[in-house]
Amino acid sequence: MQLGRSPHLTFARMARRYGDVFQIRLGRYDIVVLNGEAAIRQALVKQSAQFAGRPDFASFRAVSGGRSVAFGRYGAAWRAHRRMAQATVRAFCAADGRTGRLFEQHVAREATDLVREFLRLGARGSGGGGDGGGGFDPSREIVVANANVLCALCFGQRYGHGDAEFRDLLGRIERFGQTVGAGSLVDVMPWLQAFPNPVRTLYRDFKRLNQEFFGFVSGKVGQRRRTFVPGRTRDMSDAFIAVVDGAAAAGHGLSGEHVEGTVNDVMGAGQDTTSTALGWVLFHLIRHPDVQARLQEEMDRAVGRGRLPGTGDRGRLPYLQAFIHEVCRFTSFVPLTIPHATTSRVTLHGYDLPEDTVVFVNQWSVNHDGAKWKEPETFEPGRFLDPDGSVNRALADSVMIFSAGKRRCLGDQLAKTQMFLFTAILIHQCAFEANPGDVLSLDCLYGLSLKPLPFKLRVRLRDTYRGVGSPA
């Protein structure tokens, strides 16, 4: 209970007193907590193999049917699984490849549909006047758009917003976020499962929702496997089937179930992180109208009004890149990584850590270090630009939101591409402003990630080319 609702802030305060590497006791575990860029990068990058393990937590075993890249135990089979999964995901992010172009098309379609949905909601909020002047909460529409990108990417299928199967999927995702904390409590205090209490009930719901979500993914992958044709890649499931089946035949210790586990990882991680990031993007667009105006000026100058922006425009939009980096740094919406564990005895900053030591990594502390960032509690995208207006790549790459080293998030490039395309198209098409009289709070909802408190915005269509922004 001493950690409170925001453990990343508690850890940062403790680090000021005890140093960047300290130990706490949670339930039956002695846990080492890492803060600050030097300690974290020493562990996750320079000694990556020794810190690449995962604790043997009950909640981890409940994810992805035990075939997860994100939660799997470190070893030879995991390394083979990770290499192939990473290469496959990377291919879908390559703008010059067929699968990369396919992914960009999925995102562009959902982003333009999101514009239409925003305009429809705005018109309804303004009494049907059609000027987009009504205030509405954008969070559900963001979740729907992102989920449709992932379904199209993984299964070659998108859903109508009213589809019963899709509504059921979104309901599971929402309920999972409400129960995930119970998994953390049971991990460190397993005796909570032994007698009736609210945590045990929530944990049972957590396990059931994991099973249901994995069952949904398995069913979809099964459909793709039954129609799979070697050499033809329709979506990411096909790509994983091809590489995993080939690896299994070559004796790498993988089986068909690793396909379902990997797709489950991409779906699960991508859904929460990207939709959360887009919520913060909209929040900061309406909180900083001057930043939004500068983004629109850059967009009109670099892209113009005759087409939608794409990934090929990234180099011509340095302020947009800086804005996205600052959203990630300032919000640090994934403040703590998934817990690590040491794979062997290791020394870090003068401390000897036994094998299987549980390690918490406070990413928030890297992004808010006053020695690295001038006025870290101020939102300032310009900090990422060099005097010539280009992006300071070293500074941008030092923002820690997707972890680092061998356990770096498998879908980080997918998330970055989605964040860029969604943000670019929304800025190109729309102007956003806060709902009059509303107070925009920087407080967060703490769950799988740090989400903004519910807020409303108003939207209007910018002067645009014919046919894209129209709600019809």
# chains A, B, ... in the order shown; residues from 1 in each chain; ligands from 1
>>> closest_atom_pairs(of="region 23-119 of chain A", to="region 419-441 of chain A", cutoff="8 Å", atoms="only C-alpha atoms", output="Markdown table")
| residue | atom | partner | partner_atom | distance |
| --- | --- | --- | --- | --- |
| A:Glu104 | CA | A:Leu421 | CA | 7.9 |
| A:Val107 | CA | A:Leu421 | CA | 6.9 |
| A:Ala108 | CA | A:Leu421 | CA | 6.9 |
| A:Ala111 | CA | A:Phe422 | CA | 5.5 |
| A:Thr112 | CA | A:Ile425 | CA | 7.3 |
| A:Val115 | CA | A:Leu426 | CA | 6.7 |
>>> write_last_selection(atoms="C-alpha atoms", output="JSON list (two decimals), in the first residue's frame")
[["chain", "number", "residue", "atom", "x", "y", "z"],
["A", 104, "GLU", "CA", -0.21, 1.71, -44.12],
["A", 107, "VAL", "CA", -4.13, 2.61, -40.86],
["A", 108, "ALA", "CA", -5.08, 5.28, -43.41],
["A", 111, "ALA", "CA", -7.88, 7.14, -39.64],
["A", 112, "THR", "CA", -10.18, 8.58, -42.30],
["A", 115, "VAL", "CA", -12.39, 11.56, -38.93]]
>>> residues_around(residues="Gln105 (chain A)", least_positions_apart="6", cutoff="10 Å", atoms="only C-alpha atoms", output="PyMOL selection string")
chain A and resi 99+111+149+310
>>> write_last_selection(atoms="N, CA, C and O atoms", output="mmCIF file, in the first residue's frame")
data_model
loop_
_atom_site.group_PDB
_atom_site.id
_atom_site.type_symbol
_atom_site.label_atom_id
_atom_site.label_comp_id
_atom_site.auth_asym_id
_atom_site.auth_seq_id
_atom_site.Cartn_x
_atom_site.Cartn_y
_atom_site.Cartn_z
ATOM 1 N N THR A 99 3.979 -5.801 -47.700
ATOM 2 C CA THR A 99 3.256 -5.894 -46.444
ATOM 3 C C THR A 99 3.255 -4.562 -45.702
ATOM 4 O O THR A 99 2.281 -4.212 -45.027
ATOM 5 N N ALA A 111 -8.026 5.742 -40.037
ATOM 6 C CA ALA A 111 -7.881 7.140 -39.635
ATOM 7 C C ALA A 111 -8.920 8.018 -40.323
ATOM 8 O O ALA A 111 -9.506 8.915 -39.695
ATOM 9 N N VAL A 149 -7.590 -1.702 -36.939
ATOM 10 C CA VAL A 149 -6.271 -1.804 -37.571
ATOM 11 C C VAL A 149 -5.638 -3.150 -37.235
ATOM 12 O O VAL A 149 -5.131 -3.865 -38.109
ATOM 13 N N GLY A 310 1.434 10.459 -45.661
ATOM 14 C CA GLY A 310 1.791 9.049 -45.512
ATOM 15 C C GLY A 310 3.140 8.916 -44.835
ATOM 16 O O GLY A 310 3.788 9.913 -44.482
#
>>> residues_around(residues="Asp290 (chain A)", least_positions_apart="2", cutoff="12 Å", atoms="only C-alpha atoms", output="list in words")
His284, Leu285, Ile286, Arg287, His288, Gln292, Ala293, Arg294, Leu295, Gln296, Glu297, Phe379, Glu380, Pro381, Ala431, Phe432 and Glu433 of chain A
>>> closest_residue(among="A:Asn210, A:Gln321, A:Ser332, A:Thr347", to="Glu377 (chain A)", atoms="only C-alpha atoms")
A:Ser332
>>> atom_distance(atom1="CA of Leu414 (chain A)", atom2="CA of Gly315 (chain A)")
17.7 Å
